[in-house]
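Step one of this worksheet: look at the structure below.
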Protein chains: 2
Amino acid sequence: MSDGRTIDATTQVCAVWGNPVEHSLSPAIHNAAFAECQLNYVYVGFRVEDVAAATAGFRALHNFRGLSVTIPHKVAIMPHLDRIDDIARHIGSVNTVVKEESGTLRGTSTDGPAAVKALRDRGADPADRHVLILGSGGAARAVAFALAMLPDPPRLTILGVVGEEVRRLAVDLRDRTAAAVQGAILTGESLAAAIATAEILVHCTPVGMAPHVDATLVPCELLRSGLAVFDIVYTPRRTRLLREAAAADCLTIEGLDMFVNQAAAQFELWTGCPAPVPVMRRVVKERLR
Amino acid sequence: MSDGRTIDATTQVCAVWGNPVEHSLSPAIHNAAFAECQLNYVYVGFRVEDVAAATAGFRALHNFRGLSVTIPHKVAIMPHLDRIDDIARHIGSVNTVVKEESGTLRGTSTDGPAAVKALRDRGADPADRHVLILGSGGAARAVAFALAMLPDPPRLTILGVVGEEVRRLAVDLRDRTAAAVQGAILTGESLAAAIATAEILVHCTPVGMAPHVDATLVPCELLRSGLAVFDIVYTPRRTRLLREAAAADCLTIEGLDMFVNQAAAQFELWTGCPAPVPVMRRVVKERLR
């Protein structure tokens, strides 16, 4: 780390596990945060194939304290943990593992709450609103459950292209939360109908992600003032969807906010200290430039 | 690290495993060496209890590349490795694990060769000499086998206080090497007799280690000019044995040399790069001050 800290044999270790993992920004963001807070922690990345064996090792390496878990291990790691938070159990995946003082391995998901915080922080409180979610994969599940588990949940419309996945997500949300949920196949018609009454649109698919930066699921003529548009894609920071939403005078919220928030929540779970969010945001911005 | 390097998700990880491990100097010495050579490696310490599970994890974490293994795991880790070098097999313990490109876990011991190098570098080449080793534990076994496996091995006398251990070491050396070996219980008489013809004395017990810095196994009247005295204890750097040996005009060799050499050999095994020995030595000296 370029921060004047010294690693010694008491340093606590956190890591991101994925495959591939080489392009992860997480080491940069978390090491900057540890340095800012003068915590004797270090964060590395490990390419993992055998997640069962890796988790056995995580358990046995005493001061290995926390994990960020990414593709393809977010589901596969779950049976190897001791305790799964409700939200992660409902979503069906974890993005965070915390080794508690007792040695217990707790799995949770900070993605959904990070999305809710991003909306609130930018003035788009979802409570009791109508939220349209585009997509039905892992990210959509995380955002949908975080919204549906709020004390005053929004009404949710979920539109996706994989019919069975949309149906499953809608059923799971209705079974496990108090939210009113509709799910349907994403078509020009279903999108136009849903967006007409939606107050917040959350885009949870990879469409528009670099290198396909000219792609968008939302025809610009459907965008209108009064709609808040949140794109969880953060490469590029200003996706075509967000650019066209801004041009249509929508409130826009960047995926970068969610990325920073999920990392900040992980930091707090691992260290028990408030996360230095401005530093973390600055590092991500620098890396994405 | 206070070296301007940045950890990312491609950083290779090495670690020391022990229990306790908190006072290890290895993170400081290896991180300084990685920085000096501008290698994208980081070195941490892990407290380990279940070495089998920890080794399964080491295997599964792809870019976890190397281990320093210390008490109490130097013997216990061996069945979990794929290949053990001859010297480590003879000694019966490893202090180093290397994950080779193929993923094979190779165990070796750099302690004994580090002792031989320390002797040679200070002008006490052991070839064809008479070397007296005090002690018969793990460190004595490492030094004795490295000496006995030389092309021109010295004649070895081993004196220790644990009779069965001394006998076992002498038998193993005779069975597996070409060296002429005598073993006996350490007494005033056996020590005086052996030291009279010895050209090199290697002290391989914890006697004289801090906080018991006034302890020594060797009465100062037995020390004489022409004898080279090597104390593998390095806390303090100048043990009572070395101070009295210097006063008797002996050539003296510090345990610090061996500590630096074993770390340098590990560094070269893990990285394939020549170790920056002066930097490693400086770090150890600073930490021991």
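Please note that chains go A, B, ... in the order of the structure tokens, that every chain numbers its residues from 1, and that ligands are numbered from 1 in the order shown.
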
Each chain A residue no farther than 8 Å from chain B, nearest pair in Å, only C-alpha atoms, as JSON lines:
```
{"residue": "A:Met1", "atom": "CA", "partner": "B:Thr6", "partner_atom": "CA", "distance": 4.4}
{"residue": "A:Ser2", "atom": "CA", "partner": "B:Gly4", "partner_atom": "CA", "distance": 4.1}
{"residue": "A:Asp3", "atom": "CA", "partner": "B:Ser2", "partner_atom": "CA", "distance": 6.4}
{"residue": "A:Gly4", "atom": "CA", "partner": "B:Ser2", "partner_atom": "CA", "distance": 4.0}
{"residue": "A:Arg5", "atom": "CA", "partner": "B:Met1", "partner_atom": "CA", "distance": 5.1}
{"residue": "A:Thr6", "atom": "CA", "partner": "B:Met1", "partner_atom": "CA", "distance": 4.4}
{"residue": "A:Ile7", "atom": "CA", "partner": "B:Met1", "partner_atom": "CA", "distance": 5.7}
{"residue": "A:Asp8", "atom": "CA", "partner": "B:Pro27", "partner_atom": "CA", "distance": 5.2}
{"residue": "A:Ala9", "atom": "CA", "partner": "B:Gly45", "partner_atom": "CA", "distance": 4.2}
{"residue": "A:Thr10", "atom": "CA", "partner": "B:Glu22", "partner_atom": "CA", "distance": 5.2}
{"residue": "A:Thr11", "atom": "CA", "partner": "B:Val44", "partner_atom": "CA", "distance": 7.0}
{"residue": "A:Val13", "atom": "CA", "partner": "B:Val44", "partner_atom": "CA", "distance": 8.0}
{"residue": "A:Val16", "atom": "CA", "partner": "B:Ala9", "partner_atom": "CA", "distance": 7.9}
{"residue": "A:Val21", "atom": "CA", "partner": "B:Ala9", "partner_atom": "CA", "distance": 6.3}
{"residue": "A:Glu22", "atom": "CA", "partner": "B:Ala9", "partner_atom": "CA", "distance": 4.9}
{"residue": "A:His23", "atom": "CA", "partner": "B:Ala9", "partner_atom": "CA", "distance": 6.5}
{"residue": "A:Ser24", "atom": "CA", "partner": "B:Ala9", "partner_atom": "CA", "distance": 5.9}
{"residue": "A:Leu25", "atom": "CA", "partner": "B:Asp8", "partner_atom": "CA", "distance": 7.5}
{"residue": "A:Ser26", "atom": "CA", "partner": "B:Ala9", "partner_atom": "CA", "distance": 7.7}
{"residue": "A:Pro27", "atom": "CA", "partner": "B:Asp8", "partner_atom": "CA", "distance": 5.2}
{"residue": "A:Ala28", "atom": "CA", "partner": "B:Asp8", "partner_atom": "CA", "distance": 6.2}
{"residue": "A:Asn31", "atom": "CA", "partner": "B:Ile7", "partner_atom": "CA", "distance": 7.8}
{"residue": "A:Tyr43", "atom": "CA", "partner": "B:Ile7", "partner_atom": "CA", "distance": 7.8}
{"residue": "A:Val44", "atom": "CA", "partner": "B:Ala9", "partner_atom": "CA", "distance": 6.0}
{"residue": "A:Gly45", "atom": "CA", "partner": "B:Ala9", "partner_atom": "CA", "distance": 4.2}
{"residue": "A:Phe46", "atom": "CA", "partner": "B:Leu61", "partner_atom": "CA", "distance": 5.6}
{"residue": "A:Arg47", "atom": "CA", "partner": "B:His62", "partner_atom": "CA", "distance": 5.2}
{"residue": "A:Val48", "atom": "CA", "partner": "B:Leu61", "partner_atom": "CA", "distance": 5.2}
{"residue": "A:Glu49", "atom": "CA", "partner": "B:Ala60", "partner_atom": "CA", "distance": 6.5}
{"residue": "A:Asp50", "atom": "CA", "partner": "B:Ala60", "partner_atom": "CA", "distance": 5.6}
{"residue": "A:Val51", "atom": "CA", "partner": "B:Ala60", "partner_atom": "CA", "distance": 7.3}
{"residue": "A:Ala53", "atom": "CA", "partner": "B:Gly57", "partner_atom": "CA", "distance": 5.2}
{"residue": "A:Ala54", "atom": "CA", "partner": "B:Gly57", "partner_atom": "CA", "distance": 4.2}
{"residue": "A:Thr55", "atom": "CA", "partner": "B:Gly57", "partner_atom": "CA", "distance": 6.7}
{"residue": "A:Ala56", "atom": "CA", "partner": "B:Ala53", "partner_atom": "CA", "distance": 5.4}
{"residue": "A:Gly57", "atom": "CA", "partner": "B:Gly57", "partner_atom": "CA", "distance": 3.6}
{"residue": "A:Phe58", "atom": "CA", "partner": "B:Gly57", "partner_atom": "CA", "distance": 6.6}
{"residue": "A:Arg59", "atom": "CA", "partner": "B:Ala54", "partner_atom": "CA", "distance": 7.8}
{"residue": "A:Ala60", "atom": "CA", "partner": "B:Ala54", "partner_atom": "CA", "distance": 5.1}
{"residue": "A:Leu61", "atom": "CA", "partner": "B:Val48", "partner_atom": "CA", "distance": 5.3}
{"residue": "A:His62", "atom": "CA", "partner": "B:Arg47", "partner_atom": "CA", "distance": 5.2}
{"residue": "A:Asn63", "atom": "CA", "partner": "B:Phe46", "partner_atom": "CA", "distance": 5.9}
{"residue": "A:Phe64", "atom": "CA", "partner": "B:Phe46", "partner_atom": "CA", "distance": 7.3}
```

Polymer residues at most 7 Å from stretch 167-181 of chain A, only C-alpha atoms, same-chain spacing of 2 or more positions, as a ChimeraX atom specification: /A:136,141,145,148-149,153-157,163-165,183

Go ahead and dump the residues you just picked, N, CA, C and O atoms, as a compact mmCIF listing (two decimals), in the first residue's frame.
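This is the output file part08.txt:
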```
# COMPACT_ATOMS: atom_id res chain seq x y z
N SER A 136 -33.72 -9.69 -13.80
CA SER A 136 -34.20 -10.65 -12.80
C SER A 136 -33.08 -11.58 -12.33
O SER A 136 -33.32 -12.59 -11.68
N ARG A 141 -32.32 -9.50 -7.97
CA ARG A 141 -32.83 -10.14 -6.75
C ARG A 141 -32.37 -9.37 -5.51
O ARG A 141 -33.15 -9.15 -4.57
N PHE A 145 -35.15 -7.52 -3.17
CA PHE A 145 -35.40 -7.93 -1.79
C PHE A 145 -35.09 -6.81 -0.81
O PHE A 145 -35.81 -6.63 0.19
N ALA A 148 -38.11 -4.66 -1.01
CA ALA A 148 -39.33 -5.31 -0.52
C ALA A 148 -39.30 -5.54 0.98
O ALA A 148 -40.36 -5.67 1.61
N MET A 149 -38.09 -5.59 1.57
CA MET A 149 -37.97 -5.82 3.01
C MET A 149 -38.00 -4.52 3.82
O MET A 149 -37.88 -4.54 5.05
N PRO A 153 -42.50 -0.78 2.15
CA PRO A 153 -41.91 -1.18 0.86
C PRO A 153 -42.60 -0.50 -0.30
O PRO A 153 -43.79 -0.19 -0.24
N PRO A 154 -41.86 -0.26 -1.36
CA PRO A 154 -42.48 0.25 -2.58
C PRO A 154 -43.27 -0.87 -3.26
O PRO A 154 -43.07 -2.04 -2.98
N ARG A 155 -44.16 -0.48 -4.14
CA ARG A 155 -44.76 -1.43 -5.07
C ARG A 155 -43.70 -1.72 -6.13
O ARG A 155 -43.04 -0.80 -6.62
N LEU A 156 -43.54 -3.00 -6.45
CA LEU A 156 -42.46 -3.39 -7.36
C LEU A 156 -43.01 -3.96 -8.65
O LEU A 156 -43.91 -4.81 -8.63
N THR A 157 -42.46 -3.49 -9.76
CA THR A 157 -42.69 -4.16 -11.04
C THR A 157 -41.35 -4.65 -11.54
O THR A 157 -40.38 -3.88 -11.58
N GLY A 163 -38.15 -15.53 -18.67
CA GLY A 163 -39.49 -15.65 -18.07
C GLY A 163 -39.51 -16.39 -16.75
O GLY A 163 -40.10 -15.91 -15.76
N GLU A 164 -38.88 -17.55 -16.71
CA GLU A 164 -38.93 -18.37 -15.50
C GLU A 164 -38.25 -17.65 -14.32
O GLU A 164 -38.69 -17.74 -13.18
N GLU A 165 -37.18 -16.91 -14.64
CA GLU A 165 -36.43 -16.20 -13.59
C GLU A 165 -37.27 -15.05 -13.03
O GLU A 165 -37.28 -14.81 -11.81
N GLY A 183 -44.60 -9.21 -11.91
CA GLY A 183 -43.49 -9.59 -12.78
C GLY A 183 -44.01 -9.88 -14.16
O GLY A 183 -45.12 -10.40 -14.32
```

Taking 2 positions as the minimum chain separation for residues in the same chain, which residues sit within 8 Å of A:Ala184 when counting only C-alpha atoms? Answer as a PyMOL selection string. chain A and resi 157-160+163+166-167+182+186+190

As number ranges by chain, please: all residues of stretch 30-277 of chain B that backbone DSSP puts in strand (DSSP E). B: 41-47, 64-69, 83-84, 96-99, 105-108, 130-134, 155-160, 181-185, 200-203, 228-231, 251-253

With C-alpha atoms retained, export the selected residues as a short mmCIF file (atom, residue, chain, number, x, y, z; two decimals), in the first residue's frame.
```
data_model
loop_
_atom_site.label_atom_id
_atom_site.label_comp_id
_atom_site.auth_asym_id
_atom_site.auth_seq_id
_atom_site.Cartn_x
_atom_site.Cartn_y
_atom_site.Cartn_z
CA TYR B 41 3.98 -9.67 -3.70
CA VAL B 42 2.79 -9.13 -0.15
CA TYR B 43 3.65 -11.11 2.97
CA VAL B 44 1.37 -11.51 5.98
CA GLY B 45 1.24 -13.64 9.14
CA PHE B 46 -1.52 -16.09 9.99
CA ARG B 47 -2.11 -17.77 13.30
CA PHE B 64 -1.21 -17.72 -2.41
CA ARG B 65 2.31 -18.66 -3.44
CA GLY B 66 4.54 -19.40 -0.50
CA LEU B 67 4.70 -20.17 3.20
CA SER B 68 7.17 -19.85 6.00
CA VAL B 69 6.19 -22.53 8.50
CA ARG B 83 6.70 -33.24 -2.50
CA ILE B 84 9.34 -32.94 0.20
CA THR B 96 9.23 -23.43 3.66
CA VAL B 97 6.41 -24.31 1.27
CA VAL B 98 6.49 -23.30 -2.38
CA LYS B 99 3.48 -23.53 -4.67
CA LEU B 105 3.10 -27.95 -3.02
CA ARG B 106 6.79 -28.47 -2.33
CA GLY B 107 8.18 -28.52 1.17
CA THR B 108 11.78 -27.79 1.97
CA HIS B 130 35.53 -31.20 12.83
CA VAL B 131 32.27 -29.52 13.78
CA LEU B 132 30.78 -29.73 17.27
CA ILE B 133 27.02 -29.26 17.42
CA LEU B 134 25.37 -28.50 20.75
CA ARG B 155 33.27 -34.84 10.96
CA LEU B 156 30.38 -34.18 13.34
CA THR B 157 30.17 -34.45 17.09
CA ILE B 158 26.71 -33.92 18.54
CA LEU B 159 26.26 -33.28 22.23
CA GLY B 160 22.82 -32.90 23.75
CA VAL B 181 29.21 -38.79 13.28
CA GLN B 182 29.56 -39.17 17.01
CA GLY B 183 26.76 -38.46 19.45
CA ALA B 184 26.93 -38.26 23.23
CA ILE B 185 25.28 -36.76 26.26
CA ILE B 200 33.81 -25.05 14.52
CA LEU B 201 31.24 -25.00 17.32
CA VAL B 202 27.57 -24.53 16.41
CA HIS B 203 25.23 -23.82 19.30
CA ALA B 228 34.92 -20.59 15.15
CA VAL B 229 31.79 -20.14 17.28
CA PHE B 230 28.37 -19.87 15.66
CA ASP B 231 25.34 -19.28 17.87
CA LEU B 251 35.92 -16.14 15.10
CA THR B 252 32.23 -15.48 15.91
CA ILE B 253 29.20 -15.88 13.68
#
```

Identify, on the basis of only C-alpha atoms, every residue whose closest approach to B:Ala196 does not exceed 10 Å; exclude the query and any residue fewer than 5 positions from it along the same chain; express the result as a ChimeraX atom specification. /B:191,222-224,227

Apply DSSP to the structure's backbone, then extract all residues of stretch 63-237 of chain A labelled alpha helix (DSSP H) and return them as number ranges by chain. A: 86-91, 111-121, 138-148, 163-176, 188-197

For the selection just defined, write its residues with N, CA and C atoms to a file, as a compact mmCIF listing (two decimals), in the first residue's frame.
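Printed below is out_31.txt as written:
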```
# COMPACT_ATOMS: atom_id res chain seq x y z
N ASP A 86 -30.88 -13.03 6.82
CA ASP A 86 -32.16 -13.19 6.11
C ASP A 86 -32.08 -12.68 4.68
N ILE A 87 -31.53 -11.49 4.51
CA ILE A 87 -31.57 -10.90 3.16
C ILE A 87 -30.80 -11.77 2.18
N ALA A 88 -29.65 -12.28 2.62
CA ALA A 88 -28.85 -13.12 1.72
C ALA A 88 -29.55 -14.45 1.46
N ARG A 89 -30.23 -14.97 2.46
CA ARG A 89 -30.95 -16.23 2.27
C ARG A 89 -32.07 -16.03 1.25
N HIS A 90 -32.78 -14.92 1.37
CA HIS A 90 -33.85 -14.65 0.41
C HIS A 90 -33.29 -14.44 -1.00
N ILE A 91 -32.25 -13.67 -1.10
CA ILE A 91 -31.66 -13.42 -2.42
C ILE A 91 -31.09 -14.72 -2.98
N ASP A 111 -25.22 -5.72 -1.20
CA ASP A 111 -25.56 -5.08 -2.48
C ASP A 111 -26.92 -4.38 -2.44
N GLY A 112 -27.93 -5.11 -1.98
CA GLY A 112 -29.28 -4.54 -1.97
C GLY A 112 -29.39 -3.32 -1.07
N PRO A 113 -28.97 -3.44 0.20
CA PRO A 113 -29.00 -2.26 1.06
C PRO A 113 -28.18 -1.09 0.49
N ALA A 114 -27.10 -1.42 -0.22
CA ALA A 114 -26.29 -0.36 -0.84
C ALA A 114 -27.08 0.37 -1.91
N ALA A 115 -27.92 -0.36 -2.63
CA ALA A 115 -28.76 0.27 -3.65
C ALA A 115 -29.81 1.17 -3.00
N VAL A 116 -30.43 0.69 -1.93
CA VAL A 116 -31.44 1.49 -1.23
C VAL A 116 -30.81 2.78 -0.71
N LYS A 117 -29.61 2.65 -0.13
CA LYS A 117 -28.91 3.83 0.40
C LYS A 117 -28.59 4.81 -0.73
N ALA A 118 -28.17 4.28 -1.87
CA ALA A 118 -27.85 5.16 -3.00
C ALA A 118 -29.09 5.97 -3.41
N LEU A 119 -30.24 5.30 -3.47
CA LEU A 119 -31.49 6.01 -3.81
C LEU A 119 -31.80 7.10 -2.79
N ARG A 120 -31.74 6.71 -1.52
CA ARG A 120 -32.09 7.68 -0.46
C ARG A 120 -31.13 8.86 -0.45
N ASP A 121 -29.84 8.56 -0.56
CA ASP A 121 -28.84 9.64 -0.48
C ASP A 121 -29.00 10.65 -1.60
N GLY A 138 -29.06 -12.06 -10.41
CA GLY A 138 -28.61 -11.90 -9.03
C GLY A 138 -28.68 -10.47 -8.53
N ALA A 139 -28.29 -9.51 -9.35
CA ALA A 139 -28.30 -8.11 -8.91
C ALA A 139 -29.74 -7.64 -8.72
N ALA A 140 -30.63 -8.02 -9.64
CA ALA A 140 -32.03 -7.64 -9.52
C ALA A 140 -32.64 -8.24 -8.26
N ARG A 141 -32.32 -9.50 -7.97
CA ARG A 141 -32.83 -10.14 -6.75
C ARG A 141 -32.37 -9.37 -5.51
N ALA A 142 -31.10 -8.97 -5.51
CA ALA A 142 -30.55 -8.27 -4.35
C ALA A 142 -31.28 -6.94 -4.14
N VAL A 143 -31.46 -6.18 -5.22
CA VAL A 143 -32.12 -4.87 -5.12
C VAL A 143 -33.59 -5.05 -4.76
N ALA A 144 -34.25 -6.02 -5.40
CA ALA A 144 -35.68 -6.21 -5.17
C ALA A 144 -35.95 -6.61 -3.71
N PHE A 145 -35.15 -7.52 -3.17
CA PHE A 145 -35.40 -7.93 -1.79
C PHE A 145 -35.09 -6.81 -0.81
N ALA A 146 -34.04 -6.05 -1.05
CA ALA A 146 -33.75 -4.94 -0.14
C ALA A 146 -34.89 -3.94 -0.14
N LEU A 147 -35.47 -3.70 -1.30
CA LEU A 147 -36.62 -2.78 -1.38
C LEU A 147 -37.85 -3.41 -0.71
N ALA A 148 -38.11 -4.66 -1.01
CA ALA A 148 -39.33 -5.31 -0.52
C ALA A 148 -39.30 -5.54 0.98
N GLY A 163 -38.15 -15.53 -18.67
CA GLY A 163 -39.49 -15.65 -18.07
C GLY A 163 -39.51 -16.39 -16.75
N GLU A 164 -38.88 -17.55 -16.71
CA GLU A 164 -38.93 -18.37 -15.50
C GLU A 164 -38.25 -17.65 -14.32
N GLU A 165 -37.18 -16.91 -14.64
CA GLU A 165 -36.43 -16.20 -13.59
C GLU A 165 -37.27 -15.05 -13.03
N VAL A 166 -37.98 -14.34 -13.91
CA VAL A 166 -38.85 -13.25 -13.47
C VAL A 166 -39.95 -13.81 -12.57
N ARG A 167 -40.56 -14.91 -13.04
CA ARG A 167 -41.66 -15.50 -12.29
C ARG A 167 -41.18 -15.94 -10.91
N ARG A 168 -40.04 -16.60 -10.86
CA ARG A 168 -39.47 -17.10 -9.61
C ARG A 168 -39.20 -15.94 -8.64
N LEU A 169 -38.63 -14.88 -9.15
CA LEU A 169 -38.32 -13.73 -8.29
C LEU A 169 -39.61 -13.11 -7.74
N ALA A 170 -40.62 -12.97 -8.58
CA ALA A 170 -41.89 -12.39 -8.13
C ALA A 170 -42.53 -13.27 -7.07
N VAL A 171 -42.53 -14.58 -7.31
CA VAL A 171 -43.11 -15.51 -6.33
C VAL A 171 -42.35 -15.44 -5.01
N ASP A 172 -41.02 -15.46 -5.08
CA ASP A 172 -40.21 -15.41 -3.86
C ASP A 172 -40.47 -14.12 -3.08
N LEU A 173 -40.58 -13.02 -3.79
CA LEU A 173 -40.84 -11.74 -3.12
C LEU A 173 -42.21 -11.74 -2.45
N ARG A 174 -43.20 -12.27 -3.13
CA ARG A 174 -44.56 -12.31 -2.55
C ARG A 174 -44.60 -13.23 -1.35
N ASP A 175 -43.88 -14.38 -1.45
CA ASP A 175 -43.89 -15.36 -0.35
C ASP A 175 -43.20 -14.82 0.90
N ARG A 176 -42.18 -14.04 0.71
CA ARG A 176 -41.27 -13.75 1.83
C ARG A 176 -41.34 -12.31 2.32
N GLY A 188 -41.51 -3.98 -25.39
CA GLY A 188 -41.75 -2.55 -25.57
C GLY A 188 -43.03 -2.11 -24.88
N GLU A 189 -44.02 -2.97 -24.97
CA GLU A 189 -45.33 -2.61 -24.39
C GLU A 189 -45.29 -2.66 -22.87
N SER A 190 -44.74 -3.76 -22.32
CA SER A 190 -44.74 -3.87 -20.85
C SER A 190 -43.88 -2.76 -20.24
N LEU A 191 -42.81 -2.40 -20.92
CA LEU A 191 -41.95 -1.34 -20.42
C LEU A 191 -42.68 0.01 -20.43
N ALA A 192 -43.33 0.30 -21.55
CA ALA A 192 -44.06 1.58 -21.66
C ALA A 192 -45.15 1.67 -20.60
N ALA A 193 -45.85 0.56 -20.38
CA ALA A 193 -46.94 0.57 -19.41
C ALA A 193 -46.42 0.77 -18.00
N ALA A 194 -45.35 0.06 -17.65
CA ALA A 194 -44.83 0.14 -16.28
C ALA A 194 -44.19 1.49 -16.00
N ILE A 195 -43.44 1.98 -16.96
CA ILE A 195 -42.71 3.22 -16.74
C ILE A 195 -43.67 4.41 -16.59
N ALA A 196 -44.87 4.26 -17.15
CA ALA A 196 -45.84 5.36 -17.10
C ALA A 196 -46.23 5.71 -15.67
N THR A 197 -46.25 4.69 -14.80
CA THR A 197 -46.64 4.97 -13.40
C THR A 197 -45.46 4.84 -12.43
```

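Within the 9 Å cut-off around B:Glu244, using only C-alpha atoms and omitting residues fewer than 5 positions from it on the same chain, the listed residues are Pro219, Cys220, Leu223, Thr239, Asp249 and Cys250 of chain B.
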
Would you mind exporting N, CA, C and O atoms of the selected residues as a short mmCIF file (atom, residue, chain, number, x, y, z; two decimals), in the first residue's frame?
```cif
data_model
loop_
_atom_site.label_atom_id
_atom_site.label_comp_id
_atom_site.auth_asym_id
_atom_site.auth_seq_id
_atom_site.Cartn_x
_atom_site.Cartn_y
_atom_site.Cartn_z
N PRO B 219 31.55 -23.19 29.17
CA PRO B 219 32.43 -22.46 30.10
C PRO B 219 33.47 -21.68 29.31
O PRO B 219 34.07 -22.22 28.37
N CYS B 220 33.72 -20.42 29.69
CA CYS B 220 34.54 -19.59 28.84
C CYS B 220 35.99 -20.11 28.75
O CYS B 220 36.68 -19.86 27.77
N LEU B 223 36.92 -21.91 25.55
CA LEU B 223 36.98 -21.18 24.28
C LEU B 223 38.43 -20.77 24.01
O LEU B 223 39.13 -20.35 24.93
N THR B 239 25.03 -12.97 21.96
CA THR B 239 24.74 -13.77 23.15
C THR B 239 25.97 -13.81 24.06
O THR B 239 27.09 -13.45 23.65
N ASP B 249 39.13 -14.55 21.52
CA ASP B 249 39.75 -14.42 20.20
C ASP B 249 39.27 -15.49 19.21
O ASP B 249 39.98 -15.84 18.26
N CYS B 250 38.08 -16.01 19.46
CA CYS B 250 37.46 -16.91 18.47
C CYS B 250 36.87 -16.08 17.33
O CYS B 250 36.47 -14.93 17.53
#
```

Would you list the contacts of A:Glu254 as a VMD selection string, taking every protein, DNA or RNA residue within 8 Å and counting only C-alpha atoms, but skipping same-chain residues closer than 4 positions in sequence? chain A and resid 230 to 234 237 to 238 242 258
